[in-house]
$ cat structure_14.txt   # compact mmCIF, C-alpha atoms
# COMPACT_ATOMS: atom_id res chain seq x y z
CA MET F 166 -26.47 133.69 266.64
CA LEU F 167 -30.06 132.50 266.32
CA ALA F 168 -30.96 130.51 263.23
CA PRO F 169 -33.43 132.13 260.82
CA THR F 170 -37.00 130.97 261.37
CA SER F 171 -38.51 132.19 258.08
CA ILE F 172 -37.28 132.24 254.49
CA HIS F 173 -37.35 136.05 254.62
CA GLU F 174 -34.51 135.95 257.16
CA LEU F 175 -32.23 133.65 255.16
CA SER F 176 -28.84 134.85 253.96
CA LEU F 177 -28.05 132.89 250.81
CA LEU F 178 -25.00 132.38 248.62
CA LEU F 179 -25.92 131.57 245.01
CA VAL F 180 -23.17 129.88 242.96
CA GLU F 181 -24.10 130.22 239.29
CA PRO F 182 -21.73 130.83 236.33
CA SER F 183 -24.46 132.08 233.99
CA ALA F 184 -25.36 135.71 234.59
CA THR F 185 -28.76 135.11 232.99
CA GLN F 186 -29.53 132.08 235.16
CA ALA F 187 -28.27 133.90 238.26
CA LYS F 188 -30.64 136.79 237.52
CA ILE F 189 -33.59 134.42 237.04
CA ILE F 190 -32.91 132.47 240.25
CA ALA F 191 -32.27 135.65 242.26
CA GLY F 192 -35.56 137.00 240.93
CA LEU F 193 -37.42 133.90 242.14
CA LEU F 194 -35.75 134.21 245.54
CA ASN F 195 -36.62 137.89 245.79
CA GLY F 196 -40.19 137.05 244.83
CA LEU F 197 -40.32 134.66 247.78
CA GLY F 198 -39.07 137.41 250.08
CA VAL F 199 -35.41 136.37 250.32
CA ALA F 200 -33.52 139.64 250.21
CA GLY F 201 -30.09 138.50 251.39
CA VAL F 202 -28.76 136.92 248.18
CA ALA F 203 -25.07 137.14 247.22
CA THR F 204 -23.95 135.68 243.89
CA VAL F 205 -20.58 134.27 242.78
CA PRO F 206 -19.74 132.53 239.47
CA ASP F 207 -17.45 129.67 240.55
CA GLY F 208 -16.48 127.31 243.35
CA ARG F 209 -13.25 129.05 244.36
CA GLN F 210 -15.01 132.35 244.95
CA ALA F 211 -17.84 130.53 246.72
CA LEU F 212 -15.49 128.89 249.22
CA ALA F 213 -13.75 132.23 249.84
CA ALA F 214 -17.07 133.99 250.41
CA MET F 215 -18.22 131.26 252.81
CA ALA F 216 -14.98 131.47 254.78
CA ALA F 217 -15.26 135.26 255.05
CA GLU F 218 -18.92 135.29 256.10
CA PRO F 219 -20.81 131.97 256.23
CA PRO F 220 -24.33 132.25 254.79
CA ASP F 221 -27.34 130.37 256.12
CA LEU F 222 -27.60 128.41 252.86
CA VAL F 223 -25.57 127.66 249.73
CA LEU F 224 -27.49 127.21 246.47
CA SER F 225 -25.27 125.94 243.66
CA SER F 226 -25.38 124.74 240.07
CA MET F 227 -23.79 121.38 239.29
CA TYR F 228 -21.35 122.49 236.60
CA LEU F 229 -19.10 125.41 237.49
CA PRO F 230 -16.06 126.73 235.57
CA ASP F 231 -13.52 125.39 238.07
CA MET F 232 -15.28 122.43 239.74
CA THR F 233 -18.60 120.64 240.01
CA GLY F 234 -21.28 121.18 242.61
CA THR F 235 -20.25 117.77 243.98
CA ASP F 236 -16.68 119.02 244.43
CA LEU F 237 -17.99 122.14 246.13
CA ILE F 238 -20.14 120.38 248.72
CA LEU F 239 -17.44 117.79 249.44
CA SER F 240 -14.95 120.64 250.01
CA MET F 241 -17.44 122.21 252.40
CA ARG F 242 -18.01 118.95 254.27
CA SER F 243 -14.25 118.47 254.73
CA ASP F 244 -13.81 121.96 256.25
CA ALA F 245 -14.83 122.18 259.91
CA ARG F 246 -15.88 125.82 259.45
CA LEU F 247 -18.27 124.98 256.60
CA ALA F 248 -19.20 121.34 257.26
CA ASP F 249 -22.66 122.07 258.65
CA LEU F 250 -23.79 124.68 256.11
CA PRO F 251 -27.02 123.65 254.36
CA PHE F 252 -26.62 123.05 250.61
CA ILE F 253 -29.14 122.89 247.76
CA LEU F 254 -28.08 121.69 244.31
CA ILE F 255 -29.67 123.10 241.15
CA SER F 256 -29.10 120.98 238.06
CA SER F 257 -30.66 119.48 234.96
CA GLU F 258 -28.40 116.46 235.57
CA ASN F 259 -30.44 113.31 236.18
CA ARG F 260 -27.89 110.50 236.04
CA ALA F 261 -28.04 108.59 239.32
CA GLN F 262 -24.30 107.87 239.36
CA VAL F 263 -23.56 111.60 239.11
CA LEU F 264 -26.11 112.74 241.68
CA ASP F 265 -25.52 109.99 244.24
CA PRO F 266 -22.38 111.54 245.81
CA VAL F 267 -24.37 114.73 246.35
CA ARG F 268 -27.27 112.82 247.90
CA GLN F 269 -24.84 111.02 250.24
CA SER F 270 -23.25 114.28 251.37
CA GLY F 271 -26.25 115.49 253.36
CA VAL F 272 -27.76 117.90 250.86
CA CYS F 273 -31.05 119.55 251.82
CA ALA F 274 -32.57 119.37 248.33
CA ILE F 275 -31.84 118.80 244.65
CA LEU F 276 -33.81 121.11 242.35
CA PRO F 277 -34.01 120.05 238.68
CA LYS F 278 -33.89 122.80 236.08
CA PRO F 279 -36.29 124.35 235.30
CA PHE F 280 -38.08 124.61 238.63
CA SER F 281 -41.05 126.58 239.89
CA ALA F 282 -41.18 129.11 242.72
CA ASP F 283 -43.22 126.55 244.71
CA LYS F 284 -40.45 123.93 244.40
CA LEU F 285 -37.87 126.51 245.45
CA ALA F 286 -39.99 127.56 248.42
CA ALA F 287 -40.35 123.91 249.53
CA ALA F 288 -36.56 123.48 249.40
CA LEU F 289 -36.07 126.64 251.47
CA HIS F 290 -38.55 125.44 254.08
CA THR F 291 -36.71 122.10 254.24
CA THR F 292 -33.56 124.12 254.97
CA LEU F 293 -35.33 125.91 257.80
CA ASP F 294 -36.30 122.52 259.24
CA TRP F 295 -32.61 121.57 259.12
CA LEU F 296 -31.56 124.79 260.87
CA ASN F 297 -34.16 124.82 263.65
CA ALA F 298 -35.18 122.46 266.43
CA ASP F 299 -38.82 121.33 266.38
CA GLU F 300 -40.24 120.71 269.85
CA SER F 301 -43.80 119.96 268.76
CA LEU F 302 -43.51 116.17 269.21
CA GLU F 303 -42.09 116.55 272.70
CA ALA F 304 -44.76 119.14 273.50
CA ALA F 305 -47.36 116.56 272.47
CA GLY F 306 -46.01 114.25 275.16
CA LEU F 307 -44.05 111.90 272.88
CA ALA F 308 -40.88 110.76 274.66
CA LEU F 309 -38.32 111.06 271.88
CA ASP F 310 -35.43 111.35 274.34
CA GLU F 311 -36.14 107.71 275.31
CA LEU F 312 -36.11 106.49 271.70
CA ARG F 313 -33.03 104.42 270.80
CA VAL F 314 -32.24 104.75 267.09
CA LEU F 315 -29.80 102.69 265.03
CA VAL F 316 -28.59 104.67 261.98
CA VAL F 317 -27.09 102.50 259.23
CA ASP F 318 -25.30 104.06 256.25
CA ASP F 319 -21.87 103.63 254.69
CA SER F 320 -21.57 107.42 254.28
CA PRO F 321 -20.53 109.22 257.51
CA MET F 322 -21.92 112.45 256.01
CA ALA F 323 -25.31 110.83 255.40
CA ARG F 324 -25.37 109.45 258.96
CA LYS F 325 -24.56 112.92 260.28
CA PHE F 326 -27.39 114.46 258.26
CA ILE F 327 -29.92 111.86 259.47
CA ARG F 328 -28.80 112.28 263.08
CA HIS F 329 -29.11 116.05 262.84
CA VAL F 330 -32.68 115.84 261.54
CA LEU F 331 -33.65 113.41 264.31
CA GLU F 332 -31.87 115.48 266.97
CA ASN F 333 -33.85 118.53 265.85
CA LEU F 334 -37.01 116.54 266.58
CA GLY F 335 -35.83 115.54 270.07
CA VAL F 336 -34.10 112.17 269.59
CA ARG F 337 -31.02 111.86 271.81
CA GLN F 338 -29.91 108.20 271.79
CA PHE F 339 -28.08 106.92 268.71
CA ILE F 340 -25.99 103.95 267.63
CA GLU F 341 -24.29 104.09 264.23
CA ALA F 342 -23.27 101.35 261.80
CA GLY F 343 -21.50 101.57 258.44
CA ASN F 344 -23.25 98.63 256.78
CA GLY F 345 -25.69 95.80 257.38
CA VAL F 346 -23.11 93.46 258.88
CA GLU F 347 -22.21 96.02 261.54
CA ALA F 348 -25.89 96.74 262.14
CA ALA F 349 -26.72 93.04 262.57
CA LYS F 350 -24.00 92.76 265.21
CA VAL F 351 -25.38 95.82 267.03
CA LEU F 352 -28.85 94.28 267.01
CA GLU F 353 -27.49 91.09 268.60
CA GLU F 354 -26.14 93.09 271.53
CA SER F 355 -28.42 96.10 271.97
CA ALA F 356 -32.16 96.72 272.01
CA VAL F 357 -33.29 99.56 269.74
CA ASP F 358 -36.65 101.21 269.06
CA LEU F 359 -36.08 102.22 265.44
CA VAL F 360 -33.67 101.34 262.62
CA VAL F 361 -32.98 103.97 259.95
CA THR F 362 -31.04 102.42 257.07
CA ASP F 363 -29.72 103.11 253.59
CA TYR F 364 -30.27 100.59 250.78
CA ASN F 365 -26.94 100.50 248.91
CA MET F 366 -24.15 99.50 251.29
CA PRO F 367 -21.13 97.16 251.08
CA GLU F 368 -21.09 93.66 252.61
CA MET F 369 -24.81 93.63 253.46
CA ASP F 370 -27.25 96.07 251.83
CA GLY F 371 -30.43 97.47 253.31
CA GLN F 372 -32.73 94.80 251.90
CA ALA F 373 -30.51 92.00 253.26
CA LEU F 374 -30.41 93.77 256.63
CA ILE F 375 -34.21 93.92 256.82
CA GLU F 376 -34.42 90.25 255.79
CA HIS F 377 -31.98 89.45 258.61
CA ILE F 378 -34.01 91.47 261.11
CA ARG F 379 -37.34 89.92 260.13
CA GLY F 380 -35.99 86.38 259.84
CA ARG F 381 -33.12 85.91 262.26
CA SER F 382 -32.93 88.73 264.79
CA TRP F 383 -34.47 88.55 268.26
CA GLN F 384 -35.81 92.05 267.45
CA LYS F 385 -37.98 90.89 264.53
CA SER F 386 -40.66 93.52 265.02
CA VAL F 387 -38.44 96.60 265.34
CA PRO F 388 -39.70 99.40 263.03
CA VAL F 389 -37.41 100.10 260.04
CA LEU F 390 -37.26 103.32 258.01
CA MET F 391 -35.30 103.27 254.77
CA VAL F 392 -33.69 106.54 253.63
CA THR F 393 -32.09 105.91 250.25
CA SER F 394 -31.10 107.17 246.82
CA GLU F 395 -32.07 103.80 245.30
CA THR F 396 -34.47 104.27 242.37
CA ASN F 397 -35.04 100.70 241.17
CA ALA F 398 -38.79 100.14 241.58
CA GLY F 399 -38.44 96.37 241.90
CA ARG F 400 -35.90 96.59 244.70
CA LEU F 401 -37.95 99.17 246.58
CA ALA F 402 -41.11 97.06 246.20
CA ALA F 403 -39.26 94.14 247.76
CA VAL F 404 -38.30 96.35 250.70
CA HIS F 405 -41.93 97.43 251.19
CA ASN F 406 -42.97 93.79 251.20
CA LEU F 407 -40.54 93.08 254.04
CA GLY F 408 -42.40 95.52 256.26
CA VAL F 409 -41.03 99.02 256.74
CA VAL F 410 -42.62 102.11 258.29
CA GLY F 411 -41.57 104.10 255.23
CA VAL F 412 -39.10 104.60 252.40
CA CYS F 413 -37.74 108.15 252.02
CA ASP F 414 -35.67 109.48 249.14
CA LYS F 415 -32.29 111.11 249.66
CA PRO F 416 -32.46 113.98 250.21
CA PHE F 417 -35.58 113.72 252.34
CA GLU F 418 -37.83 116.30 253.93
CA PRO F 419 -37.58 116.39 257.76
CA ALA F 420 -41.36 116.83 257.82
CA THR F 421 -41.70 113.30 256.40
CA VAL F 422 -39.63 111.80 259.22
CA LYS F 423 -41.53 113.89 261.76
CA SER F 424 -44.82 112.44 260.53
CA LEU F 425 -43.46 108.88 260.70
CA LEU F 426 -42.13 109.39 264.23
CA ARG F 427 -45.46 110.81 265.36
CA GLN F 428 -47.25 107.76 263.97
CA LEU F 429 -44.70 105.33 265.42
CA LEU F 430 -44.75 106.79 268.93
CA SER F 431 -48.50 107.30 268.98
CA ASN F 432 -48.93 103.59 268.29
$ encode --input "structure_14.txt" --output "structure tokens"
Amino acid sequence: MLAPTSIHELSLLLVEPSATQAKIIAGLLNGLGVAGVATVPDGRQALAAMAAEPPDLVLSSMYLPDMTGTDLILSMRSDARLADLPFILISSENRAQVLDPVRQSGVCAILPKPFSADKLAAALHTTLDWLNADESLEAAGLALDELRVLVVDDSPMARKFIRHVLENLGVRQFIEAGNGVEAAKVLEESAVDLVVTDYNMPEMDGQALIEHIRGRSWQKSVPVLMVTSETNAGRLAAVHNLGVVGVCDKPFEPATVKSLLRQLLSN
């Protein structure tokens, strides 16, 4: 089955325990032209509905009667039938320690309550970018199939999400590492064209990895993109000072990575 190419074609499962909130969100979706919206009040019914007929997108609140939105997406990611379904979290929760597991799971967007129709539309378009290949860079003559990318993240789900976004843009050659120590070893043995790394990792974090690359690796000038849920301004400033092509939040918009790849390959 072909993936939807516009938000009007999306089939969406909304998981929202409040009938009032469900009506408001469904109204915003309908206003954007999304007609295929099914609503369930809890995680158990959501998983059953997904198993019966997988939607194009799951949009869920954080706090459900029987589980959290984190529990829901982790259940999806552990089920081969549901592992690749796009997921958007809606929540007024802003504690980093609560949201980080969701960010690491490969979520397309996190929408804080209350949100505008424009914010919702942007999240839906990010989902379309996740669902569809984008051949515009290859059509412009940029050889992404020759690009060798090292993806560094201690979350296998996050690595999978990053790879999927890059594959949609035409990248085909990947090496993966679970932390900075593993990445440093890869860089000793293999030439790469781009490093995409998280910040918070065990053994050697993203900042230490970049310091190693710039100071001790034979690949000192390799471009580095950081994709991270880190919010400490001082730490991120230090990363910028080490020389990176960009720092993207988790979750990130594929359009941001597309722009960075265009700039990198054009240069």
$ closest_residue --input "structure_14.txt" --among "F:Lys385, F:Arg379, F:Arg400, F:Lys423" --to "Glu332 (chain F)" --atoms "only C-alpha atoms"
F:Lys423
$ closest_residue --input "structure_14.txt" --among "F:Thr421, F:Gln186, F:Asn432, F:Thr292" --to "Phe280 (chain F)" --atoms "only C-alpha atoms"
F:Gln186
$ closest_residue --input "structure_14.txt" --among "F:Met241, F:Leu193, F:Leu293, F:Leu331" --to "Cys273 (chain F)" --atoms "only C-alpha atoms"
F:Leu293
$ closest_residue --input "structure_14.txt" --among "F:Ala248, F:Val422, F:Ala305, F:Val389" --to "Asn333 (chain F)" --atoms "only C-alpha atoms"
F:Val422
$ closest_residue --input "structure_14.txt" --among "F:Ala245, F:Val180, F:Ala402, F:Leu239" --to "Ser226 (chain F)" --atoms "all atoms listed in the file"
F:Val180
$ residues_near_point --input "structure_14.txt" --point "(-22.3, 128.9, 237.2)" --cutoff "6 Å" --atoms "all atoms listed in the file" --output "mmCIF file with C-alpha atoms, in the frame of the given file"
data_model
loop_
_atom_site.group_PDB
_atom_site.id
_atom_site.type_symbol
_atom_site.label_atom_id
_atom_site.label_comp_id
_atom_site.auth_asym_id
_atom_site.auth_seq_id
_atom_site.Cartn_x
_atom_site.Cartn_y
_atom_site.Cartn_z
ATOM 1 C CA VAL F 180 -23.170 129.880 242.960
ATOM 2 C CA GLU F 181 -24.100 130.220 239.290
ATOM 3 C CA PRO F 182 -21.730 130.830 236.330
ATOM 4 C CA SER F 183 -24.460 132.080 233.990
ATOM 5 C CA PRO F 206 -19.740 132.530 239.470
ATOM 6 C CA ASP F 207 -17.450 129.670 240.550
ATOM 7 C CA SER F 226 -25.380 124.740 240.070
ATOM 8 C CA LEU F 229 -19.100 125.410 237.490
#
$ residues_around --input "structure_14.txt" --residues "Glu347 (chain F)" --least-positions-apart "3" --cutoff "10 Å" --atoms "only C-alpha atoms" --output "MDAnalysis selection string"
chainID F and resid 317 341:344 350:352 368:369 374
$ axis_aligned_box --input "structure_14.txt" --around "region 263-278 of chain F" --padding-each-side "3 Å" --output "AutoDock Vina command-line options"
--center_x -28.2 --center_y 116.4 --center_z 244.7 --size_x 17.6 --size_y 18.8 --size_z 23.3
$ closest_residue --input "structure_14.txt" --among "F:His329, F:Arg260, F:Arg381, F:Arg427" --to "Val410 (chain F)" --atoms "only C-alpha atoms"
F:Arg427
$ residues_around --input "structure_14.txt" --residues "region 375-377 of chain F" --least-positions-apart "2" --cutoff "12 Å" --atoms "all atoms listed in the file" --output "VMD selection string"
chain F and resid 317 344 to 346 348 to 350 352 to 353 360 to 364 369 to 373 379 to 391 403 to 410
$ decode --input "structure_14.txt" --residues "region 389-415 of chain F" --atoms "N, CA and C atoms" --output "tab-separated table (two decimals), in the first residue's frame"
chain	number	residue	atom	x	y	z
F	389	VAL	N	30.13	16.80	11.83
F	389	VAL	CA	29.39	16.16	12.91
F	389	VAL	C	28.05	16.88	13.09
F	390	LEU	N	26.98	16.10	13.12
F	390	LEU	CA	25.64	16.61	13.42
F	390	LEU	C	25.20	16.00	14.73
F	391	MET	N	24.78	16.84	15.67
F	391	MET	CA	24.29	16.33	16.95
F	391	MET	C	22.77	16.36	16.96
F	392	VAL	N	22.17	15.21	17.25
F	392	VAL	CA	20.72	15.08	17.39
F	392	VAL	C	20.47	14.65	18.82
F	393	THR	N	19.87	15.51	19.64
F	393	THR	CA	19.88	15.25	21.08
F	393	THR	C	18.67	15.82	21.79
F	394	SER	N	18.36	15.25	22.95
F	394	SER	CA	17.33	15.79	23.83
F	394	SER	C	17.96	16.66	24.92
F	395	GLU	N	19.27	16.84	24.90
F	395	GLU	CA	19.95	17.68	25.88
F	395	GLU	C	19.43	19.12	25.78
F	396	THR	N	19.15	19.72	26.96
F	396	THR	CA	18.61	21.08	26.98
F	396	THR	C	19.51	22.08	27.69
F	397	ASN	N	20.60	21.61	28.30
F	397	ASN	CA	21.50	22.50	29.03
F	397	ASN	C	22.23	23.42	28.04
F	398	ALA	N	21.95	24.73	28.16
F	398	ALA	CA	22.48	25.69	27.20
F	398	ALA	C	24.01	25.73	27.22
F	399	GLY	N	24.60	25.60	28.40
F	399	GLY	CA	26.05	25.63	28.51
F	399	GLY	C	26.70	24.47	27.80
F	400	ARG	N	26.14	23.28	27.98
F	400	ARG	CA	26.69	22.10	27.32
F	400	ARG	C	26.57	22.21	25.80
F	401	LEU	N	25.40	22.69	25.34
F	401	LEU	CA	25.20	22.80	23.90
F	401	LEU	C	26.10	23.88	23.30
F	402	ALA	N	26.36	24.96	24.05
F	402	ALA	CA	27.27	25.99	23.56
F	402	ALA	C	28.67	25.43	23.39
F	403	ALA	N	29.08	24.58	24.33
F	403	ALA	CA	30.39	23.95	24.24
F	403	ALA	C	30.49	23.07	23.00
F	404	VAL	N	29.40	22.39	22.67
F	404	VAL	CA	29.38	21.55	21.46
F	404	VAL	C	29.52	22.41	20.22
F	405	HIS	N	28.78	23.53	20.17
F	405	HIS	CA	28.88	24.43	19.02
F	405	HIS	C	30.32	24.92	18.85
F	406	ASN	N	30.97	25.21	19.95
F	406	ASN	CA	32.33	25.73	19.90
F	406	ASN	C	33.33	24.70	19.37
F	407	LEU	N	32.97	23.42	19.47
F	407	LEU	CA	33.85	22.37	18.97
F	407	LEU	C	33.75	22.22	17.45
F	408	GLY	N	32.74	22.83	16.86
F	408	GLY	CA	32.60	22.77	15.41
F	408	GLY	C	31.70	21.64	14.96
F	409	VAL	N	30.41	21.94	14.85
F	409	VAL	CA	29.44	20.97	14.34
F	409	VAL	C	28.66	21.63	13.21
F	410	VAL	N	28.11	20.80	12.31
F	410	VAL	CA	27.31	21.36	11.22
F	410	VAL	C	25.93	21.75	11.70
F	411	GLY	N	25.53	21.23	12.86
F	411	GLY	CA	24.24	21.60	13.42
F	411	GLY	C	23.94	20.81	14.68
F	412	VAL	N	23.01	21.33	15.47
F	412	VAL	CA	22.49	20.63	16.64
F	412	VAL	C	20.97	20.60	16.51
F	413	CYS	N	20.40	19.40	16.41
F	413	CYS	CA	18.97	19.24	16.25
F	413	CYS	C	18.37	18.65	17.52
F	414	ASP	N	17.19	19.13	17.89
F	414	ASP	CA	16.47	18.56	19.01
F	414	ASP	C	15.91	17.19	18.65
F	415	LYS	N	15.70	16.36	19.68
F	415	LYS	CA	14.88	15.16	19.53
F	415	LYS	C	13.50	15.47	20.08
